[in-house]
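Enquirer: Got coords.txt for you, compact mmCIF, C-alpha atoms:
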# COMPACT_ATOMS: atom_id res chain seq x y z
CA MET B 3 0.00 0.00 0.00
CA SER B 4 1.28 3.46 -0.83
CA TYR B 5 1.15 6.39 1.54
CA ILE B 6 1.66 10.09 1.35
CA GLY B 7 4.02 10.80 4.20
CA ASN B 8 5.08 8.27 6.79
CA ALA B 9 3.57 4.80 6.81
CA PRO B 10 1.00 4.43 9.60
CA ILE B 11 1.96 2.36 12.59
CA SER B 12 -0.59 -0.26 13.59
CA ALA B 13 -0.92 -2.62 16.50
CA ALA B 14 -3.58 -5.00 17.78
CA PHE B 15 -5.82 -3.91 20.62
CA LEU B 16 -4.89 -5.55 23.87
CA THR B 17 -7.30 -8.34 24.72
CA ASP B 18 -7.85 -10.41 27.84
CA THR B 19 -9.51 -13.81 27.68
CA PHE B 20 -11.20 -15.59 30.57
CA SER B 21 -12.97 -18.89 31.04
CA GLY B 22 -16.40 -18.72 32.59
CA THR B 23 -17.39 -21.17 35.30
CA GLY B 24 -21.11 -20.51 35.43
CA SER B 25 -20.80 -18.98 38.87
CA GLN B 26 -17.82 -16.63 38.75
CA THR B 27 -18.76 -13.00 38.28
CA ALA B 28 -15.48 -11.18 38.96
CA PHE B 29 -12.42 -11.43 36.73
CA THR B 30 -9.05 -9.73 37.02
CA MET B 31 -7.90 -7.84 33.97
CA THR B 32 -4.30 -7.12 33.07
CA VAL B 33 -4.82 -3.37 33.10
CA ALA B 34 -7.34 -1.05 34.69
CA PRO B 35 -9.58 0.61 32.10
CA ALA B 36 -10.85 4.12 32.67
CA ASN B 37 -14.50 2.99 32.73
CA THR B 38 -16.90 0.46 31.25
CA SER B 39 -16.93 2.27 27.93
CA SER B 40 -13.22 1.81 27.54
CA ILE B 41 -13.57 -1.92 26.92
CA ILE B 42 -15.57 -4.18 24.67
CA VAL B 43 -16.76 -7.29 26.44
CA ALA B 44 -18.06 -10.34 24.63
CA VAL B 45 -19.36 -13.58 26.11
CA THR B 46 -19.42 -16.56 23.78
CA GLY B 47 -19.08 -14.13 20.93
CA VAL B 48 -22.02 -12.00 22.01
CA LEU B 49 -21.26 -8.32 22.64
CA GLN B 50 -22.25 -7.30 26.17
CA ASP B 51 -23.89 -4.01 26.97
CA PRO B 52 -21.76 -1.91 29.38
CA SER B 53 -24.74 -1.84 31.73
CA THR B 54 -24.27 -5.57 32.40
CA TYR B 55 -20.85 -5.22 33.95
CA SER B 56 -18.78 -2.82 35.98
CA VAL B 57 -15.10 -2.13 36.40
CA SER B 58 -13.15 -1.16 39.46
CA GLY B 59 -9.42 -0.98 39.00
CA THR B 60 -8.48 -4.23 37.31
CA THR B 61 -11.62 -6.06 38.44
CA LEU B 62 -14.34 -6.73 35.90
CA THR B 63 -17.62 -7.71 37.56
CA PHE B 64 -20.62 -9.07 35.68
CA SER B 65 -24.10 -8.52 37.05
CA ALA B 66 -24.77 -12.16 36.22
CA ALA B 67 -22.20 -14.93 36.00
CA PRO B 68 -21.26 -15.76 32.40
CA PRO B 69 -21.83 -19.38 31.37
CA SER B 70 -19.17 -22.01 31.71
CA GLY B 71 -16.78 -22.28 28.81
CA THR B 72 -13.14 -22.26 27.85
CA SER B 73 -11.91 -18.82 26.92
CA ASN B 74 -15.47 -17.76 26.25
CA ILE B 75 -15.08 -14.29 27.72
CA SER B 76 -13.04 -11.67 25.92
CA VAL B 77 -12.22 -8.16 27.00
CA ARG B 78 -10.78 -5.85 24.40
CA TYR B 79 -9.28 -2.59 25.53
CA LEU B 80 -10.08 0.39 23.37
CA GLY B 81 -7.41 2.43 25.09
CA ILE B 82 -5.08 2.03 28.00
CA PRO B 83 -4.71 4.85 30.50
CA ALA B 84 -1.27 6.33 30.58
CA SER B 85 0.81 5.15 33.50
CA GLY B 86 3.78 6.61 35.25
CA VAL B 87 2.80 10.11 34.19
CA THR B 88 2.38 12.88 36.68
CA THR B 89 -0.03 15.47 35.42
CA THR B 90 0.87 19.07 35.97
CA ALA B 91 -1.28 22.13 35.48
CA TYR B 92 0.58 24.34 33.06
CA ARG B 93 -2.09 27.05 33.04
CA THR B 94 -4.04 28.29 36.01
CA VAL B 95 -7.05 30.53 35.50
CA THR B 96 -8.59 32.53 38.31
CA GLU B 97 -11.53 34.90 38.00
CA PHE B 98 -12.73 37.61 40.35
CA THR B 99 -15.73 39.90 40.38
CA ALA B 100 -14.28 43.20 41.49
CA THR B 101 -15.72 45.58 44.02
CA SER B 102 -15.67 49.30 43.56
CA GLY B 103 -12.11 50.62 43.43
CA GLN B 104 -10.54 47.22 44.13
CA THR B 105 -6.97 47.06 42.97
CA SER B 106 -5.40 44.08 44.76
CA PHE B 107 -6.31 40.51 43.99
CA SER B 108 -4.89 37.40 45.65
CA VAL B 109 -4.15 34.72 43.10
CA PRO B 110 -2.69 31.24 43.29
CA SER B 111 1.09 31.12 43.42
CA TYR B 112 2.68 32.11 40.13
CA THR B 113 6.10 32.75 38.69
CA VAL B 114 6.78 36.44 38.24
CA GLY B 115 6.70 37.31 34.57
CA TYR B 116 4.42 34.42 33.69
CA ILE B 117 0.97 35.81 34.39
CA ASP B 118 -1.55 37.60 32.18
CA VAL B 119 -4.37 39.78 33.49
CA TYR B 120 -7.67 40.48 31.77
CA ARG B 121 -10.32 43.04 32.67
CA ASN B 122 -13.72 42.34 31.24
CA GLY B 123 -12.08 40.24 28.56
CA VAL B 124 -9.48 42.80 27.59
CA MET B 125 -5.90 41.80 28.17
CA LEU B 126 -4.07 44.41 30.21
CA GLY B 127 -0.68 45.73 29.30
CA THR B 128 2.22 45.37 31.72
CA ALA B 129 1.84 49.04 32.70
CA ASP B 130 -1.73 48.42 33.82
CA PHE B 131 -0.89 46.04 36.65
CA THR B 132 1.86 44.95 38.98
CA ALA B 133 2.56 41.26 39.56
CA THR B 134 5.83 40.99 41.39
CA THR B 135 4.99 39.09 44.57
CA GLY B 136 4.09 35.70 43.16
CA THR B 137 0.75 35.73 45.00
CA THR B 138 -0.95 39.04 44.24
CA VAL B 139 -1.89 41.16 41.28
CA VAL B 140 -2.39 44.92 41.75
CA LEU B 141 -4.18 46.97 39.15
CA ALA B 142 -2.83 50.40 38.30
CA SER B 143 -6.33 51.82 38.52
CA GLY B 144 -9.21 50.70 40.67
CA ALA B 145 -11.81 48.41 39.17
CA THR B 146 -15.44 49.20 38.76
CA THR B 147 -18.04 47.23 40.63
CA GLY B 148 -18.78 44.02 38.76
CA ASP B 149 -15.67 44.09 36.61
CA LEU B 150 -14.51 40.59 35.72
CA ILE B 151 -10.84 40.31 36.52
CA ARG B 152 -9.23 37.19 35.14
CA THR B 153 -5.68 36.01 35.66
CA GLU B 154 -3.89 33.32 33.73
CA SER B 155 -0.61 32.12 35.15
CA PHE B 156 1.71 29.64 33.54
CA TYR B 157 3.74 26.87 35.09
CA VAL B 158 7.39 27.19 34.25
CA SER B 159 9.21 23.91 33.91
CA SER B 160 12.50 22.71 32.64
CA VAL B 161 13.64 19.41 31.27
CA LEU B 162 17.23 20.07 32.17
CA ASN B 163 16.99 17.89 35.24
CA ALA B 164 15.04 15.09 33.63
CA ILE B 165 16.64 11.67 33.59
CA PRO B 166 17.31 10.82 29.95
CA ALA B 167 15.54 7.77 28.60
CA THR B 168 18.69 6.51 26.95
CA ALA B 169 20.08 3.09 27.71
CA GLY B 170 23.19 3.25 29.84
CA SER B 171 22.89 6.96 30.54
CA VAL B 172 21.77 6.89 34.18
CA SER B 173 24.60 6.68 36.69
CA SER B 174 24.48 5.68 40.33
CA THR B 175 24.68 9.37 41.16
CA TYR B 176 20.91 9.45 40.86
CA LEU B 177 20.36 6.68 43.39
CA VAL B 178 19.86 7.36 47.05
CA ASP B 179 22.68 5.87 49.09
CA ALA B 180 21.86 2.43 50.48
CA SER B 181 18.67 2.28 48.43
CA VAL B 182 19.52 -0.80 46.38
CA THR B 183 18.29 -3.88 48.19
CA GLN B 184 19.53 -7.43 47.86
CA ALA B 185 16.25 -8.34 46.18
CA LYS B 186 17.02 -5.94 43.34
CA LEU B 187 20.15 -7.85 42.46
CA SER B 188 20.09 -10.65 40.00
CA THR B 189 21.09 -14.10 41.14
CA ASN B 190 24.75 -15.07 41.01
CA VAL B 191 25.85 -11.49 41.48
CA ALA B 192 28.91 -11.32 43.67
CA GLY B 193 30.57 -8.30 45.12
CA ASN B 194 33.71 -7.00 43.51
CA GLY B 195 35.58 -5.90 46.60
CA PRO B 196 39.28 -6.43 47.06
CA ALA B 197 40.65 -9.96 46.91
CA PHE B 198 44.19 -11.17 46.83
CA SER B 199 46.23 -14.32 46.97
CA ALA B 200 49.97 -14.52 47.55
CA CYS B 201 52.48 -17.20 48.33
CA ALA B 202 55.98 -17.44 49.65
CA SER B 203 58.46 -17.41 46.82
CA GLY B 204 61.21 -19.12 48.77
CA SER B 205 62.14 -20.64 52.07
CA GLN B 206 62.38 -18.49 55.18
CA ALA B 207 64.32 -19.22 58.33
CA LEU B 208 62.37 -18.66 61.53
CA THR B 209 63.67 -17.65 64.90
CA GLN B 210 62.70 -20.11 67.60
CA SER B 211 60.03 -19.03 70.08
CA THR B 212 59.57 -15.78 68.21
CA TRP B 213 56.71 -14.46 66.11
CA ASN B 214 58.21 -14.06 62.66
CA LYS B 215 56.54 -12.07 59.94
CA VAL B 216 56.12 -14.36 56.95
CA ASN B 217 57.31 -13.12 53.60
CA PHE B 218 55.02 -13.67 50.64
CA GLY B 219 57.03 -12.69 47.63
CA THR B 220 54.72 -13.87 44.89
CA GLU B 221 51.34 -12.37 44.10
CA ILE B 222 48.96 -14.81 42.47
CA PHE B 223 46.31 -12.11 42.10
CA ASP B 224 45.59 -8.77 43.72
CA THR B 225 42.38 -7.30 42.32
CA ASN B 226 42.65 -3.91 43.95
CA ASN B 227 46.40 -3.52 44.28
CA ASN B 228 46.11 -3.68 48.06
CA PHE B 229 48.86 -6.21 48.66
CA ALA B 230 52.49 -5.19 48.84
CA SER B 231 55.55 -6.12 50.91
CA SER B 232 53.76 -9.13 52.39
CA ARG B 233 51.13 -6.79 53.77
CA PHE B 234 47.44 -6.46 52.87
CA THR B 235 46.13 -2.90 53.22
CA PRO B 236 42.58 -2.89 51.84
CA THR B 237 41.32 0.45 50.58
CA VAL B 238 37.68 -0.55 50.98
CA ALA B 239 36.28 -0.56 54.50
CA GLY B 240 34.59 -3.76 55.57
CA TYR B 241 34.96 -7.25 56.92
CA TYR B 242 37.56 -9.51 55.37
CA GLN B 243 37.90 -13.26 55.41
CA ILE B 244 41.60 -13.91 55.69
CA SER B 245 43.27 -17.26 55.49
CA SER B 246 46.78 -18.56 55.45
CA ASN B 247 48.52 -21.85 55.14
CA ILE B 248 52.05 -22.13 56.46
CA ASN B 249 54.30 -25.01 55.55
CA PHE B 250 56.83 -25.41 58.33
CA GLY B 251 59.05 -27.58 56.23
CA SER B 252 58.34 -30.74 54.35
CA GLY B 253 59.00 -33.74 56.55
CA ALA B 254 60.30 -31.57 59.36
CA SER B 255 59.39 -32.18 62.95
CA VAL B 256 58.34 -28.90 64.49
CA THR B 257 56.89 -28.45 67.92
CA ASP B 258 54.30 -25.83 68.74
CA SER B 259 53.88 -24.39 65.24
CA ARG B 260 51.41 -21.54 65.11
CA VAL B 261 50.11 -18.93 62.70
CA SER B 262 48.58 -15.61 63.68
CA LEU B 263 46.95 -12.77 61.85
CA TYR B 264 48.48 -9.45 62.79
CA LYS B 265 46.58 -6.22 62.40
CA ASN B 266 48.52 -2.98 62.42
CA GLY B 267 51.56 -4.72 63.87
CA SER B 268 49.88 -6.55 66.73
CA VAL B 269 48.32 -9.97 67.00
CA TYR B 270 44.64 -9.87 66.02
CA VAL B 271 43.63 -13.49 65.69
CA SER B 272 45.91 -16.23 66.90
CA GLY B 273 45.85 -19.68 65.42
CA THR B 274 45.90 -22.89 67.40
CA ALA B 275 49.11 -24.79 68.02
CA ILE B 276 49.54 -27.86 65.91
CA GLY B 277 50.85 -31.11 67.33
CA ALA B 278 54.47 -31.88 67.81
CA THR B 279 55.30 -33.49 64.51
CA ASN B 280 52.59 -32.12 62.26
CA SER B 281 54.36 -29.46 60.32
CA ASN B 282 53.29 -29.95 56.76
CA GLY B 283 50.89 -27.09 56.63
CA THR B 284 49.35 -25.14 59.43
CA PRO B 285 46.11 -23.60 58.22
CA PHE B 286 44.65 -20.48 59.63
CA THR B 287 41.49 -18.52 58.88
CA GLY B 288 39.97 -15.48 60.50
CA LEU B 289 37.57 -12.63 59.98
CA ALA B 290 38.76 -9.09 60.47
CA TYR B 291 37.50 -5.57 60.04
CA ALA B 292 39.51 -3.01 58.10
CA ASN B 293 38.82 0.71 58.00
CA GLY B 294 39.73 0.95 54.34
CA SER B 295 42.62 3.33 54.83
CA THR B 296 45.20 2.69 57.53
CA ASP B 297 44.44 -0.84 58.74
CA TYR B 298 46.75 -3.51 57.41
CA PHE B 299 47.20 -7.22 57.91
CA GLU B 300 50.20 -9.52 58.02
CA ILE B 301 50.84 -13.15 58.80
CA TYR B 302 53.23 -14.16 61.54
CA ALA B 303 54.47 -17.67 62.24
CA TYR B 304 55.78 -19.16 65.44
CA THR B 305 57.79 -22.26 66.07
CA GLY B 306 58.97 -23.88 69.23
CA THR B 307 61.75 -25.64 67.38
CA ALA B 308 65.15 -24.19 66.57
CA SER B 309 66.30 -24.00 62.95
CA THR B 310 62.83 -24.14 61.48
CA THR B 311 62.55 -23.10 57.87
CA LEU B 312 59.29 -22.26 56.16
CA TYR B 313 58.90 -23.88 52.81
CA GLY B 314 58.02 -21.63 49.94
CA ASP B 315 58.01 -21.98 46.20
CA ALA B 316 56.92 -19.33 43.76
CA GLY B 317 55.56 -22.04 41.54
CA GLY B 318 53.43 -23.69 44.18
CA PRO B 319 50.96 -22.56 46.83
CA TYR B 320 52.64 -24.15 49.85
CA THR B 321 52.80 -21.13 52.11
CA THR B 322 49.96 -18.81 51.27
CA PHE B 323 48.20 -15.65 52.38
CA GLN B 324 44.75 -14.84 51.00
CA GLY B 325 41.92 -12.44 51.73
CA VAL B 326 38.63 -11.22 50.35
CA LEU B 327 36.00 -8.66 51.29
CA VAL B 328 32.92 -10.50 52.48
CA ARG B 329 30.88 -7.62 53.83
CA SER B 330 31.18 -3.91 53.37
CA ALA B 331 31.35 -1.62 56.37
CA MET L 6 72.73 -16.41 69.26
CA SER L 7 69.11 -15.46 68.85
CA LEU L 8 67.26 -13.15 71.18
CA TYR L 9 65.38 -16.15 72.51
CA GLU L 10 68.60 -17.95 73.31
CA LYS L 11 69.99 -14.86 75.03
CA ILE L 12 66.90 -14.59 77.20
CA ILE L 13 67.09 -18.24 78.15
CA ALA L 14 70.73 -17.75 79.01
CA ILE L 15 69.82 -14.86 81.28
CA TYR L 16 66.77 -16.56 82.73
CA PRO L 17 67.19 -20.35 82.54
CA GLU L 18 63.89 -20.69 84.40
CA LEU L 19 62.15 -19.57 81.20
CA GLN L 20 63.31 -22.71 79.43
CA ASN L 21 59.80 -24.15 79.64
CA HIS L 22 58.01 -20.85 79.19
CA ASN L 23 55.76 -20.68 76.17
CA PHE L 24 56.65 -17.62 74.16
CA ALA L 25 53.77 -18.10 71.74
CA PHE L 26 51.39 -16.18 73.99
CA GLY L 27 51.19 -14.76 77.48
CA THR L 28 53.51 -12.46 79.34
CA ILE L 29 56.54 -12.51 77.04
CA LEU L 30 56.39 -12.19 73.27
CA LEU L 31 59.29 -11.94 70.87
CA GLN L 32 58.83 -10.66 67.36
CA ASN L 33 60.68 -10.37 64.08
CA ASP L 34 59.14 -8.19 61.38
CA SER L 35 61.39 -9.57 58.65
CA ASP L 36 62.57 -6.05 57.95
CA GLY L 37 66.24 -6.68 58.60
CA LYS L 38 66.17 -5.22 62.09
CA GLY L 39 66.17 -8.59 63.79
CA ASP L 40 64.32 -9.97 66.78
CA TYR L 41 62.95 -7.74 69.51
CA ILE L 42 60.85 -8.01 72.64
CA SER L 43 57.33 -6.93 71.68
CA LYS L 44 55.88 -7.67 75.09
CA TRP L 45 57.42 -8.27 78.52
CA GLU L 46 54.92 -8.47 81.34
CA HIS L 47 56.43 -11.28 83.37
CA PRO L 48 55.20 -11.01 86.98
CA THR L 49 58.59 -11.59 88.60
CA LEU L 50 61.39 -11.42 86.08
CA PRO L 51 62.41 -7.94 84.95
CA ARG L 52 62.87 -7.17 81.30
CA PRO L 53 66.49 -7.84 80.34
CA THR L 54 68.54 -4.75 79.79
CA GLU L 55 70.28 -4.01 76.53
CA GLU L 56 73.56 -4.52 78.38
CA GLN L 57 72.52 -8.01 79.46
CA LEU L 58 71.38 -8.89 75.96
CA ASN L 59 74.53 -7.60 74.36
CA ASP L 60 76.93 -9.43 76.70
For this file, produce the structure as structure tokens.
Expert:
Amino acid sequence: MSYIGNAPISAAFLTDTFSGTGSQTAFTMTVAPANTSSIIVAVTGVLQDPSTYSVSGTTLTFSAAPPSGTSNISVRYLGIPASGVTTTAYRTVTEFTATSGQTSFSVPSYTVGYIDVYRNGVMLGTADFTATTGTTVVLASGATTGDLIRTESFYVSSVLNAIPATAGSVSSTYLVDASVTQAKLSTNVAGNGPAFSACASGSQALTQSTWNKVNFGTEIFDTNNNFASSRFTPTVAGYYQISSNINFGSGASVTDSRVSLYKNGSVYVSGTAIGATNSNGTPFTGLAYANGSTDYFEIYAYTGTASTTLYGDAGGPYTTFQGVLVRSA
Amino acid sequence: MSLYEKIIAIYPELQNHNFAFGTILLQNDSDGKGDYISKWEHPTLPRPTEEQLND
């Protein structure tokens, strides 16, 4: 088909279909029509007069239950009320019947410069009235009894602050802090806070009966660049799950081997001593809070045996230090 | 001789003391500065002096 101008856009009218039971009179529609005249209702193909049903919100109620049948009731919407639209009065008209000599009239709030004044149907010039308060209009000369004074004020709006309806254009700046709930997140969405994993790149001699800071010379990953010099200094405040595995020497016999998490240079969580000859890996895990700026964490190892050497290998995770943000502050 | 060994030499009665926790803690921050006493709160034995440790 040929057209002059743009081709018309067409779409089918929205239709709901219900199955009568012979006793059910109320049915729930997908949208709320404005009134009974906004829909066409047919039962078993027979058009129903609007007087035989009523609508309230999304509920369609028949005065008598339609007969039983599969999909024998159809509701076709002739128009769907606009949704999500806030109506605003862009023009406000106020009329007064003046008394003798009256000059001042109180009008609904207006924006100065956006109000017109009429006297008996004649629009007044700007020299004929004063409208500078936003709530009153004062005539330059007093009215005559019975004069019809009419004001028309205009709502001034701007679209400068409107959120653009463009995909990907709305930033989190427009969200109220802490307004996004867990329920609004999709499944399998994990946080992206700092996480790191490091391991000792070589062996390290320990001093007996002394807490020795463990050196972790190899970074396996460090998502937020918060790990350096064997120290984890997270820049995001929150609660961190920190774990470590210390290998006190393959096949060695070490008494009283321990691992502790140090926070800001002092012991924060101390691990449990492992038995006398169990030295092939002393695991440790703990939960710690970090302020996101100055707090830092280190791993210290303790041995009750002289000449103990931690085993480390840059190519293997034997002596490790790991951490991840599990809850923000 | 390590700091631990020096302390034991000064106070042989600490031979069975557990330095992993409690009143005396020794620490080494792996920064090249060596071992040091990070905590000394023993109820009867005074903290060794630098002179004693350096003998």
Enquirer: Find the nearest atom pair between each residue of chain L and chain B for residues within 8 Å, count only C-alpha atoms, give distances in Å to one decimal, sort rows by chain and ascending number, and present the table as JSON lines.
Expert:
{"residue": "L:Ser7", "atom": "CA", "partner": "B:Thr209", "partner_atom": "CA", "distance": 7.1}
{"residue": "L:Tyr9", "atom": "CA", "partner": "B:Ser211", "partner_atom": "CA", "distance": 6.5}
{"residue": "L:Asn23", "atom": "CA", "partner": "B:Ser211", "partner_atom": "CA", "distance": 7.6}
{"residue": "L:Phe24", "atom": "CA", "partner": "B:Ser211", "partner_atom": "CA", "distance": 5.5}
{"residue": "L:Ala25", "atom": "CA", "partner": "B:Ser211", "partner_atom": "CA", "distance": 6.5}
{"residue": "L:Leu30", "atom": "CA", "partner": "B:Thr212", "partner_atom": "CA", "distance": 7.0}
{"residue": "L:Leu31", "atom": "CA", "partner": "B:Thr212", "partner_atom": "CA", "distance": 4.7}
{"residue": "L:Gln32", "atom": "CA", "partner": "B:Trp213", "partner_atom": "CA", "distance": 4.5}
{"residue": "L:Asn33", "atom": "CA", "partner": "B:Asn214", "partner_atom": "CA", "distance": 4.7}
{"residue": "L:Asp34", "atom": "CA", "partner": "B:Lys215", "partner_atom": "CA", "distance": 4.9}
{"residue": "L:Ser35", "atom": "CA", "partner": "B:Lys215", "partner_atom": "CA", "distance": 5.6}
{"residue": "L:Asp40", "atom": "CA", "partner": "B:Thr212", "partner_atom": "CA", "distance": 7.6}
Enquirer: What is the CA of Pro285 in chain B-CA of Asn226 in chain B distance in Å, reported with one decimal?
Expert: 24.6 Å
Enquirer: Around the point (-10.7, -0.7, 27.2), in the coordinates given by the file, pick out the residues reaching within 6 Å, counting all atoms listed in the file, and return them as a PyMOL selection string.
Expert: chain B and resi 35+40-41+78-81
Enquirer: Go ahead and dump the residues you just picked, C-alpha atoms, as a PDB file, in the coordinates of the input.
Expert:
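Result written to out19.pdb:
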ATOM      1  CA  PRO B  35      -9.580   0.610  32.100  1.00  0.00           C
ATOM      2  CA  SER B  40     -13.220   1.810  27.540  1.00  0.00           C
ATOM      3  CA  ILE B  41     -13.570  -1.920  26.920  1.00  0.00           C
ATOM      4  CA  ARG B  78     -10.780  -5.850  24.400  1.00  0.00           C
ATOM      5  CA  TYR B  79      -9.280  -2.590  25.530  1.00  0.00           C
ATOM      6  CA  LEU B  80     -10.080   0.390  23.370  1.00  0.00           C
ATOM      7  CA  GLY B  81      -7.410   2.430  25.090  1.00  0.00           C
TER       8      GLY B  81
END
Enquirer: In terms of the shortest atom-to-atom distance over only C-alpha atoms, which of L:Ser43, L:Ile29, L:Leu50, L:Lys38 is closest to Pro17 in chain L?
Expert: L:Leu50
Enquirer: For Ser295 in chain B, find every residue with an atom within 12 Å (counting only C-alpha atoms), except residues of its own chain fewer than 4 positions away, and show them as a ChimeraX atom specification.
Expert: /B:228,234-240,266,291,299
Enquirer: For Thr49 in chain L, work out the shell of residues within 12 Å, counting only C-alpha atoms and skipping chain neighbours fewer than 6 positions away, then give it as a ChimeraX atom specification.
Expert: /L:16,18-19,28-29
Enquirer: Using CA of Thr99 in chain B and CA of Thr132 in chain B as the two end points, give the distance in Å to one decimal.
Expert: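 Calculated distance between CA of Thr99 in chain B and CA of Thr132 in chain B is 18.4 Å.
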Enquirer: Figure out the distance between CA of Thr310 in chain B and CA of Gly273 in chain B, please, to one decimal in Å.
Expert: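 So the answer is 18.0 Å.
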Enquirer: Which protein, DNA or RNA residues are at most 7 Å from (-7.3, 1.5, 35.1) in the file's coordinates when you count only C-alpha atoms, listed as a list in words?
Expert: Val33, Ala34, Pro35, Ala36, Gly59, Thr60 and Pro83 of chain B
Enquirer: Next, write the just-selected residues to a file, as a PDB file, in the frame of the given file, keeping C-alpha atoms as the atom set.
Expert:
ATOM      1  CA  VAL B  33      -4.820  -3.370  33.100  1.00  0.00           C
ATOM      2  CA  ALA B  34      -7.340  -1.050  34.690  1.00  0.00           C
ATOM      3  CA  PRO B  35      -9.580   0.610  32.100  1.00  0.00           C
ATOM      4  CA  ALA B  36     -10.850   4.120  32.670  1.00  0.00           C
ATOM      5  CA  GLY B  59      -9.420  -0.980  39.000  1.00  0.00           C
ATOM      6  CA  THR B  60      -8.480  -4.230  37.310  1.00  0.00           C
ATOM      7  CA  PRO B  83      -4.710   4.850  30.500  1.00  0.00           C
TER       8      PRO B  83
END
Enquirer: From the options B:Ser70, B:Thr307, B:Ser108, B:Thr274, which residue's atoms come nearest to Val45 in chain B, counting only C-alpha atoms?
Expert: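 Residue with the minimum atom-to-atom distance to Val45 in chain B: B:Ser70.
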